[in-house]
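Below: the structure, in structure tokens.
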Amino acid sequence: MSVSELREMFLQFFEGKGHRRLPSASLIPHGDPTLLLTGAGMVPFKPYFLGKEKPPSKRITTCQRCLRTADIDNVGKTDRHGTFFEMLGNFSFGDYFKREAIHWAWEFTTKHLELPVDRLWVTIYLDDDEAFQIWNEEIGVPKDRIVRLGREDNFWEIGVGPCGPCSELHLDRGPEYGCGSPDCKPGCDCERYLEFWNLVFIQYHQDEAGNLVPLEQTGIDTGMGLDRAAAILQGVNSIFETDALRSVMDAVANLVEADDEPEAVEVALRVIADHTRSVTFLVSDGVLPSNEGRGYVLRRLLRRAVRYGRLLGIRDIFLPEIAQAVMDTMGDAYPELIQRRDYILEVIRKEEERFQATLDQGLRMLKDLMENLEAQNQNRLSGDDAFRLYDTYGFPLELTKEILAEEGMEVDEAEFAQRMEEQRQRARAARGQTGYLGSEDDSVYVELAKQYTSQFVGYDQLEVETIIEALLVDGQLADEAEMGQEIELVLAKTPFYAEGGGQVADTGTVTGGKGALEITGVESPVEGLIIHKGRVTSGLVQAGDTVMATVYQRNRDGAACHHTATHLLHKALKEVLGEHVNQAGSLVEPDRLRFDFTHLSALTREELDRVEKLVNDRIRENLEVTVEEMSLDEARADGAIALFDEKYEDRVRVISVGDYSRELCGGTHVRRTGDLGIFKIISEGAVAAGVRRIEALTGKAAVKHIAAQEAVLHQAAEKLQTTTAELPERIDKLLQENRELARELERLKAKLAAAQSDELLQQAEEIAGLKVLSAKVEGLDAAGLRTLGDRLREKLGSGVILLGSAFEDKALFLAMVTPDIVKQGIKAGDIVKVAAQAAGGGGGGRPDMAQAGGREPAKIDAALELAVESIKKQLAAVQ
């Protein structure tokens with residue numbers, strides 16, 4: 001049975017049990033700041049388990065793409081570890097519980113997968129007698145094949161929140177995979193018992209004291225690893241031998257020549273196949289390489305794959321070819337891979353090129369380190385240096401060891417391991433801990449949502465009479481609040497738009513009863529509940545008051561203009577740059593908009609002008625902006641743009657701007673594009689690798705900006721005594737004059753250096769048979785010092801040159817040592833370091849040439865004297 005067939009069989013089985021099939025969610029968890037990536041099948045359903053949102057069905061089944069890096073060091077070395085995996089799952093939200101979950105798992109395993117009953121083992125939580133009774137008495141699993149394990153193995157929890165015991169299904173692969181112990185059974189660390197399905201019974205809430213309180217509404221969260229199950233069914237020993245991964249590994253193997261160490265090659269092939277699959281899906285889901293967060297995970301995986309490629313002798317760019325093999329294998333199940341193919345391959349190619357250049361830098365650094373070791377008659381590279389090569393330049397320890405071994409050198413592996421462990425500890429501390437289903441910060445809102453709902457009427461009304469249903473002070477329910485207090489309100493009906501979809505919340509007032517308050521923020525932390533944040537500005541505000549809620553119209557109108565503009569901008573960018581452009585974030589405020597989008601290079605002036613013109617053309621056409629509600633499937637079939645990292649309900653709101661743009665959107669918009677007046681881009685730049693940002697203005701804000709820009713132009717023209725029309729020509733002329741003056745200055749510097757070199761050569765002295773030229777020169781910058789040093793070295797022939805210069809309140813030093821003297825153990829880096837430290841600075845460089853600086857130019861003469869003394873000491877040490 002192929003991976004694709006198994007995936008479909010599982011989903012159809014649970015559809016037959018009344019489950020609703022949902023597509024895989026993105027690897028980027030939607031609206032969940034506690035998680036970096038989707039690492040389990042239940043992650044998209046956390047809001048349902050926590051009661052923040054209502055599920056579209058009480059029974060759901062999915063095949064969820066997941067990514068975890070906790071076991072990254074085991075990938076390739078074991079048969080079952082990978083960073084990317086697909087998790088088959090069935091879920092219950094207050095519907096069925098243990099009995100059905102266990103019975104259906106057994107039915108699918110034995111009747112559909114036809115796994116041998118006598119080789120199936122079950123683990124349960126230590127005191128879960130209910131699960132034991134179902135497995136033993138109802139299913140018929142013998143007592144001796146039901147293993148009770150403790151909290152660490154069979155209880156899902158981390159911190160405060162919903163949790164519960166779990167039960168796992170294991171397959172006995174046979175004693176040949178075992179450890180030989182007569183007590184070997186599930187829970188042993190050997191490879192004999194393969195866990196392939198985990199059933200989590202969410203039945204408790206764990207409080208801050210660690211107490212387990214039974215939940216009123218229980219849940220089921222199960223997960224079967226698709227690759228592991230496929231390996232069992234296909235009769236192979238490893239997930240890497242299944243049809244899904246074997247074809248990717250073959251694509252890598254085609255690039256590699258035969259090797260004498262097949263085990264090492266196999267590990268490398270596995271790592272590259274797994275990591276490239278992860279990288280392909282991460283890029284498809286909108287993650288781009290960076291040095292933090294998800295982007296760092298992507299960069300680390302890609303660079304790790306490239307490093308293993310180097311170990312296999314692959315020097316050319318190769319990951320796009322492997323990513324294509326991933327798409328060929330998984331494109332049917334995940335058509336978005338095919339839709340975004342060109343973009344995915346381009347992102348991977350550019351990042352690999354960038355890393356190849358970094359690797360080359362690391363190779364040069366390693367060679368310098370080896371030269372220093374050789375000069376000091378040492379053969380052991382420090383663990384610190386090896387770790388710096390690994391962490392900064394991506395050099396794996398194996399590659400460093402291999403290069404060192406060629407020259408009879410080695411590395412301090414114990415020190416390297418210590419630095420690696422320190423890094424892991426820092427990473428663990430940075431991640432912190434969250435609950436199995438996340439934090440409980442919103443628990444007060446979950447309880448409120450059980451009693452109250454908020455009706456949003458703000459699409460059509462900016463003022464409405466309503467009732468204060470609940471009032472919170474300092475996060476606690478209260479009956480009233482006095483003037484000056486910061487409070488939160490739940491209104492029965494509200495015209496206030498809650499922050500969402502990039503659009504900021506409305507602001508305004510709530511008045512009536514005995515007081516008034518100003519609304520400064522609005523959010524919807526739980527589905528159906530809108531929280532208004534504000535401050536009491538007069539009198540007394542009480543729960544139950546009938547009040548008038550009023551939105552500030554100017555702010556709402558400004559936000560509506562800028563929100564409609566983002567839709568026009570999104571479409572225009574796709575027209576000018578290509579369909580690979582996707583929204584990667586936005587901010588819509590009353591006075592401006594910010595729009596982040598995926599694109600791999602800076603926009604040219606011509607491209608920006610074309611985008612701006614397209615938007616302004618649509619504004620002048622005064623297109624009607626219409627709103628429709630329809631099913632999500634209908635909207636997608638109708639061509640509406642859906643943001644792939646957004647989560648949508650069954651019924652969606654579609655905003656159409658004439659026939660030009662159609663997007664799924666819950667924000668507020670103008671009625672016609674003419675209401676925008678004018679659109680002006682004010683900046684474009686990078687926010688991350690592969691993500692660009694445009695900031696723009698509409699309406700009065702745009703007119704004000706244009707007027708300010710014109711004022712700057714007029715001021716510049718006046719200062720240069722010309723007109724605004726002739727300003728570019730005048731600037732060009734000034735730049736040309738400046739270039740000519742700069743060239744003349746360089747010619748004069750060269751003449752000065754030539755004249756100085758002849759004079760300075762007369763100052764050379766001989767120390768123990770070595771020519772040493774030490775001198776202070778006036779007014780030369782670092783480049784000037786190098787030019788003068790090169791001239792002196794040519795004429796000196798053999799020896800040491802040491803120069804100091806005062807430039808812009810700094811002391812600059814240059815040391816040069818001719819190759820024959822370097823071989824004697826005299827190094828420029830050591831000399832210049834002494835001089836720089838004496839002048840309040842530091843620096844270094846190569847053995848033959850080094851530059852440094854200091855903060856105290858008055859100490860240059862003394863610094864040069866100290867450096868000459870250091871040369872004498874070096875000479876004494878080597879003689």
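Naming works like this for the structure tokens: A, B, ... for the chains as they're shown, residue 1 at the start of each chain, ligands 1 onward in shown order.
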
So that I can check the surroundings of segment 459-469 of chain A, please list as a PyMOL selection string every protein, DNA and RNA residue that reaches within 8 Å of it, counting only C-alpha atoms and ignoring chain neighbours fewer than 5 positions away.
chain A and resi 452+489-496+542-553+668

Neighbour list for Leu761 of chain A as a ChimeraX atom specification, cut-off 9 Å, only C-alpha atoms, skip fewer than 6 positions in-chain
/A:773,792,795-796

Any chance you could export the current selection's N, CA and C atoms as a compact mmCIF listing (two decimals), in the first residue's frame?
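Writing the result to part.txt gives the following:
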```txt
# COMPACT_ATOMS: atom_id res chain seq x y z
N LEU A 773 61.04 48.87 9.86
CA LEU A 773 60.71 50.26 9.57
C LEU A 773 59.48 50.61 10.39
N LEU A 792 56.23 50.67 0.43
CA LEU A 792 57.40 50.45 1.27
C LEU A 792 57.84 48.99 1.23
N LYS A 795 59.90 48.20 -1.82
CA LYS A 795 61.25 48.75 -1.82
C LYS A 795 62.12 48.16 -0.70
N LEU A 796 61.48 47.75 0.40
CA LEU A 796 62.24 47.23 1.53
C LEU A 796 62.82 45.85 1.21
```

Write out as number ranges by chain which residues come within 9 Å of Ala768 of chain A when counting only C-alpha atoms, dropping same-chain ones fewer than 5 positions away.
A: 872, 875-876

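The residue that comes closest to Trp197 of chain A, out of A:Lys77, A:Lys613, A:Arg228, A:Lys733 and on the basis of only C-alpha atoms, is A:Arg228.
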
Would you kindly return, as a count of residues only, each protein, DNA or RNA residue with an atom no farther than 8 Å from any atom of Gly515 of chain A, considering only C-alpha atoms and excluding same-chain residues fewer than 6 positions away?
6

Of the residues A:Thr61, A:Ala229, A:Glu138, A:Pro320, which is the one nearest to Glu5 of chain A, using only C-alpha atoms?
A:Ala229

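Residues within 12 Å of Val265 of chain A, counting only C-alpha atoms and excluding same-chain residues fewer than 5 positions away, are Gly76, Lys77, Met249, Val252, Ala253, Leu255, Val256, Glu257, Ala258, Asp259, Asp260, Arg270, Val271, Ile272, Tyr308, Gly309, Arg310, Leu311, Leu312 and Gly313 of chain A.
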
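Of the listed residues (A:Ala105, A:Leu593, A:Ala584, A:Ile134), A:Leu593 comes nearest to Leu697 of chain A; the distances count only C-alpha atoms.
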
At what distance in Å, to one decimal, does atom CA of Gly825 of chain A lie from atom CA of Arg791 of chain A?
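Distance reported for this atom pair: 23.3 Å.
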
Atom CA of Arg20 of chain A to atom CA of Leu169 of chain A, distance in Å rounded to a single decimal:
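Between atom CA of Arg20 of chain A and atom CA of Leu169 of chain A the gap is 23.9 Å.
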
Fewer than 5 positions away in the same chain doesn't count, so skip those; otherwise give me all residues within 9 Å of Glu114 of chain A, counting only C-alpha atoms, as a ChimeraX atom specification.
/A:108-109,233
